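Okay, so here's the structure we're looking at.
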Amino acid sequence: MKKIILYTDGACSGNPGIGGWGCILDYNGKTKELCGANPNTTNNQMELTAVIEGLLALKEPCEVDVYSDSAYVVNAFLQGWLDSWQQNNWRTSGKKEVKNIELWQKLIELCNKHKINWHKVKGHADNERNNRCDFLATNQIEVYKKNNGVCE
């Protein structure tokens with residue numbers, strides 16, 4: 001099974017607002033960067049989208065080390081939030097409907113195809129890959145604004 005390193009980040013200008021996401025895939029010394037934007041989204045949706053898009057880029061089942069500065073994404077897996085939400089019919093412990101259900105369901109579907117190891121990294125610190133993903137995400141917001149809604 002191929003071993004992949006996936007760094008991800010999402011950003012939003014306003015929350016909700018124009019959002020961007022970025023990810024970096026590392027495999028066997030090769031690096032691939034992906035990014036995109038959404039005109040009406042939230043920061044959490046962009047964090048989820050970055051992981052989803054990174055996993056969608058994989059052509060076969062892999063072992064993936066996912067690095068994210070999003071506690072929302074990483075803790076959902078590491079602290080069992082997703083299991084609880086699903087057992088409670090997509091309700092939080094406070095009985096409210098879980099936000100971003102469709103994105104969570106897509107991410108779960110992708111995680112079932114791969115062996116995922118989740119890693120929480122500190123955002124806006126000295127992690128070169130995380131900082132690059134942050135740049136990709138925030139840059140997509142600026143590109144989207146500059147090009148009147150067209151991503152590059």
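Chains: A, B, ... in order of the structure tokens. Residues: from 1 per chain. Ligands: from 1, in order shown.
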Find the residues around region 50-60 of chain A up to 9 Å (only C-alpha atoms counted), leave out those fewer than 4 positions away in its own chain, and share them as a VMD selection string. chain A and resid 1 to 2 6 to 10 20 to 25 33 to 36 45 to 46 64 66 68 73 103 106 to 107 110 to 111 113 to 114 137
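The environment of Glu142 (chain A) within 12 Å, counting only C-alpha atoms and disregarding residues fewer than 4 places along the same chain, consists of Ala11, Cys12, Ser13, Ile18, Gly19, Gly20, Trp21, Gly36, Ala37, Asn38, Pro39, Phe135, Leu136, Ala137, Thr138, Lys146, Asn147, Asn148, Gly149, Val150, Cys151 and Glu152 of chain A.
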Could you pull out the alpha helix (DSSP H) residues of chain A from DSSP and send them as an NGL selection string? :A and (43-56 or 71-78 or 81-87 or 101-111 or 128-146)
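Among the candidates A:Thr42, A:Asp65, A:Trp104, A:Gln79, the one nearest to Val121 (chain A) when counting only C-alpha atoms is A:Asp65.
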For the structure I just gave you, how does DSSP split chain A - specifically, which residues are strand (DSSP E or B)? Reply as a ChimeraX atom specification. /A:2-14,17-27,30-41,62-68,91,97,115-120
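Between Gly17 (chain A) and the residues A:Lys120, A:Lys145, A:Lys96, A:Lys3, the shortest atom-to-atom distance, using only C-alpha atoms, involves A:Lys145.
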For Trp118 (chain A), the nearest of the candidates A:Ser70, A:Gln140, A:Asn100, A:Ser84, counting only C-alpha atoms: A:Ser70
